[in-house]
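Engineer: Please see the structure below; I have some questions.
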Amino acid sequence: FSLVPMGLFVVAQGFLGALNRTRPVMYAGILSNALNVALNWVFIFGNLGFPAMGIRGAALGTLCASVVSAAYLLGVLVYRGYRQDYRLFTFRELSRGLQRDIVRVALPTAVQNIIALSIFLTYQTFIESYAPIYLAATHSIFAYFRLNKTIIGGFARSASILAGNALGRGDREGAQAAITASGMVGVLVALVVAVGTVTFRGSIAALFTNDPATQVILSRGLLFFTGFFFVEALGYAFEMVFVANGYGKYVLFSEFSTNVLFIIGATLVARALFPETVEWAWLSFGLYQIVHAGFMITGWIRRRWLDLRLDDGR
């Protein structure tokens with residue numbers, strides 16, 4: 001059920017981004033992720049009088065957050081002067097070359113998202129096999145660390161638009177400066193989140209659950225994952241710019257290879273060798289984060305994304 005509001009959100013986000021109206025996009029991203037975290041706390045663990053729904057509660061929280069964020073962006077489009085009258089639609093005006101270009105640029109990202117979602121769901125079943133309490137704690141950890149992507153993602157989307165404009169002008173150095181600025185913001189945000197997590201991890205765990213046993217595991221997991229999510233955030237700042245400017249195949253290669261090798265392969269090995277120690281499964285996910293971020297940082301250093309052509313030469 002989340003696919004419809006997510007689709008509307010992406011369409012509105014892309015339209016506003018193309019017009020350089022990045023502030024509503026940033027607000028929508030913050031709203032979506034912050035609301036998702038809050039609703040996960042309510043629905044997963046049964047806070048504020050709601051029943052504890054576990055993984056179903058996580059899905060419900062995501063659905064509600066998607067509906068609200070999509071409604072916000074659609075409201076911006078309708079009430080902020082973006083409505084225009086257009087002539088009747090006709091297929092004669094479609095450019096097949098342009099459609100092929102759009103598919104070629106978008107396909108790697110679409111495949112990446114499908115693979116990442118499938119593997120992430122599989123990973124959660126691995127975690128649940130240790131004990132349901134570990135699944136609840138791990139899901140809460142991942143929801144909490146969305147803070148990194150929430151804040152960094154807003155700035156990275158703005159940087160991707162600036163980088164795309166610079167590439168359109170033939171200004172390679174301007175595009176590289178935009179992605180570098182995105183990386184610097186990523187470092188700062190990730191550092192603040194990491195310090196806050198280490199300092200207040202007990203209080204953060206208490207926000208997600210009233211169960212003492214889950215709080216202990218959650219606090220331990222927050223400390224365990226802090227370094228990994230810090231490194232991941234650095235790569236994410238570059239990944240967002242790559243995907244928006246036609247370098248999605250590189251991201252797809254990195255995502256697929258590291259997902260299969262670490263999230264699936266290493267976790268299966270950890271489950272077989274250390275069936276009672278969830279930290280080894282956590283480490284497998286952390287290794288994916290580090291290696292994938294390493295690919296993104298390498299892409300920024302090598303600068304090959306600056307030489308791409310997104311059209312078919314016509």
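By order of appearance in the structure tokens: chains A, B, ..., then residues from 1 within every chain, and ligands from 1 in the order shown.
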For range 40-137 of chain A against range 21-28 of chain A, with a cut-off of 7 Å and counting only C-alpha atoms, what is the closest atom pair and its distance in Å to one decimal for every residue that makes the cut, ordered by chain and number, as JSON lines?
Structural biologist:
{"residue": "A:Ser69", "atom": "CA", "partner": "A:Ala28", "partner_atom": "CA", "distance": 5.4}
{"residue": "A:Tyr72", "atom": "CA", "partner": "A:Ala28", "partner_atom": "CA", "distance": 6.9}
{"residue": "A:Leu73", "atom": "CA", "partner": "A:Ala28", "partner_atom": "CA", "distance": 6.8}
Engineer: Can you pull out the residues contacting Ser158 in chain A? Cut-off 12 Å, using only C-alpha atoms, and skip same-chain residues under 2 positions away; I want them as a PDB file with C-alpha atoms, in the first residue's frame.
Structural biologist:
ATOM      1  CA  GLN A  13      10.104  15.549  -5.506  1.00  0.00           C
ATOM      2  CA  GLY A  14      11.590  15.203  -8.993  1.00  0.00           C
ATOM      3  CA  LEU A  16      10.392  20.453  -7.588  1.00  0.00           C
ATOM      4  CA  GLY A  17      14.033  19.414  -7.723  1.00  0.00           C
ATOM      5  CA  ALA A  18      14.198  20.125 -11.450  1.00  0.00           C
ATOM      6  CA  LEU A  19      12.927  23.642 -10.718  1.00  0.00           C
ATOM      7  CA  ASN A  20      15.623  24.139  -8.049  1.00  0.00           C
ATOM      8  CA  ARG A  21      12.895  24.302  -5.382  1.00  0.00           C
ATOM      9  CA  THR A  22      14.901  22.196  -2.979  1.00  0.00           C
ATOM     10  CA  ARG A  23      13.591  23.555   0.312  1.00  0.00           C
ATOM     11  CA  PRO A  24      10.186  21.806   0.145  1.00  0.00           C
ATOM     12  CA  VAL A  25      11.980  18.603  -0.893  1.00  0.00           C
ATOM     13  CA  MET A  26      14.271  18.850   2.122  1.00  0.00           C
ATOM     14  CA  ILE A 151      19.542  15.344   6.934  1.00  0.00           C
ATOM     15  CA  ILE A 152      22.318  14.459   4.509  1.00  0.00           C
ATOM     16  CA  GLY A 153      19.806  13.452   1.849  1.00  0.00           C
ATOM     17  CA  GLY A 154      18.268  16.925   1.774  1.00  0.00           C
ATOM     18  CA  PHE A 155      21.630  18.582   1.197  1.00  0.00           C
ATOM     19  CA  ALA A 156      22.758  15.858  -1.217  1.00  0.00           C
ATOM     20  CA  SER A 160      22.922  16.830  -7.155  1.00  0.00           C
ATOM     21  CA  ILE A 161      20.811  19.548  -8.776  1.00  0.00           C
ATOM     22  CA  LEU A 162      23.694  22.023  -8.660  1.00  0.00           C
ATOM     23  CA  ALA A 163      26.056  19.385 -10.023  1.00  0.00           C
ATOM     24  CA  GLY A 164      23.649  18.573 -12.857  1.00  0.00           C
ATOM     25  CA  ASN A 165      23.314  22.237 -13.757  1.00  0.00           C
ATOM     26  CA  ALA A 175      30.095  19.838 -10.509  1.00  0.00           C
ATOM     27  CA  ALA A 178      29.101  20.576  -5.544  1.00  0.00           C
ATOM     28  CA  ILE A 179      29.643  16.896  -4.732  1.00  0.00           C
ATOM     29  CA  ALA A 181      30.434  20.195  -0.566  1.00  0.00           C
ATOM     30  CA  SER A 182      27.859  17.423  -0.181  1.00  0.00           C
ATOM     31  CA  VAL A 185      28.076  18.238   4.970  1.00  0.00           C
ATOM     32  CA  ALA A 237      26.468  11.995   0.369  1.00  0.00           C
ATOM     33  CA  PHE A 238      28.233  11.039  -2.874  1.00  0.00           C
ATOM     34  CA  MET A 240      22.874  10.668  -4.081  1.00  0.00           C
ATOM     35  CA  VAL A 241      24.748  12.885  -6.539  1.00  0.00           C
ATOM     36  CA  ALA A 244      20.850  11.815  -9.955  1.00  0.00           C
TER      37      ALA A 244
END
Engineer: Here is a test: counting only C-alpha atoms, which residue of A:Trp305, A:Phe15, A:Phe224, A:Tyr144 is nearest to Gly248 in chain A?
Structural biologist: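 Closest residue, counting only C-alpha atoms: A:Trp305.
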Engineer: Excluding same-chain residues fewer than 3 positions from range 295-299 of chain A, what lies within 6 Å of it counting only C-alpha atoms, as a ChimeraX atom specification?
Structural biologist: /A:235,292,302
Engineer: Among range 54-151 of chain A, which ones does DSSP place in alpha helix (DSSP H), written as a count of residues only?
Structural biologist: 79
Engineer: Applying 9 Å and only C-alpha atoms, which residues near Val67 in chain A remain after dropping the ones on its own chain fewer than 5 positions away? List them as a ChimeraX atom specification.
Structural biologist: /A:2,4-6,9,32,62,72
Engineer: Would you pick out the contacts of Leu48 in chain A at 12 Å or less, using only C-alpha atoms, so that residues sharing its chain but fewer than 2 positions from it are not included, and give the list as a list in words?
Structural biologist: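 The contact residues come out as Ala38, Leu39, Asn40, Trp41, Val42, Phe43, Ile44, Phe45, Gly46, Phe50, Pro51, Ala52, Leu207, Phe208, Thr209 and Asn210 of chain A.
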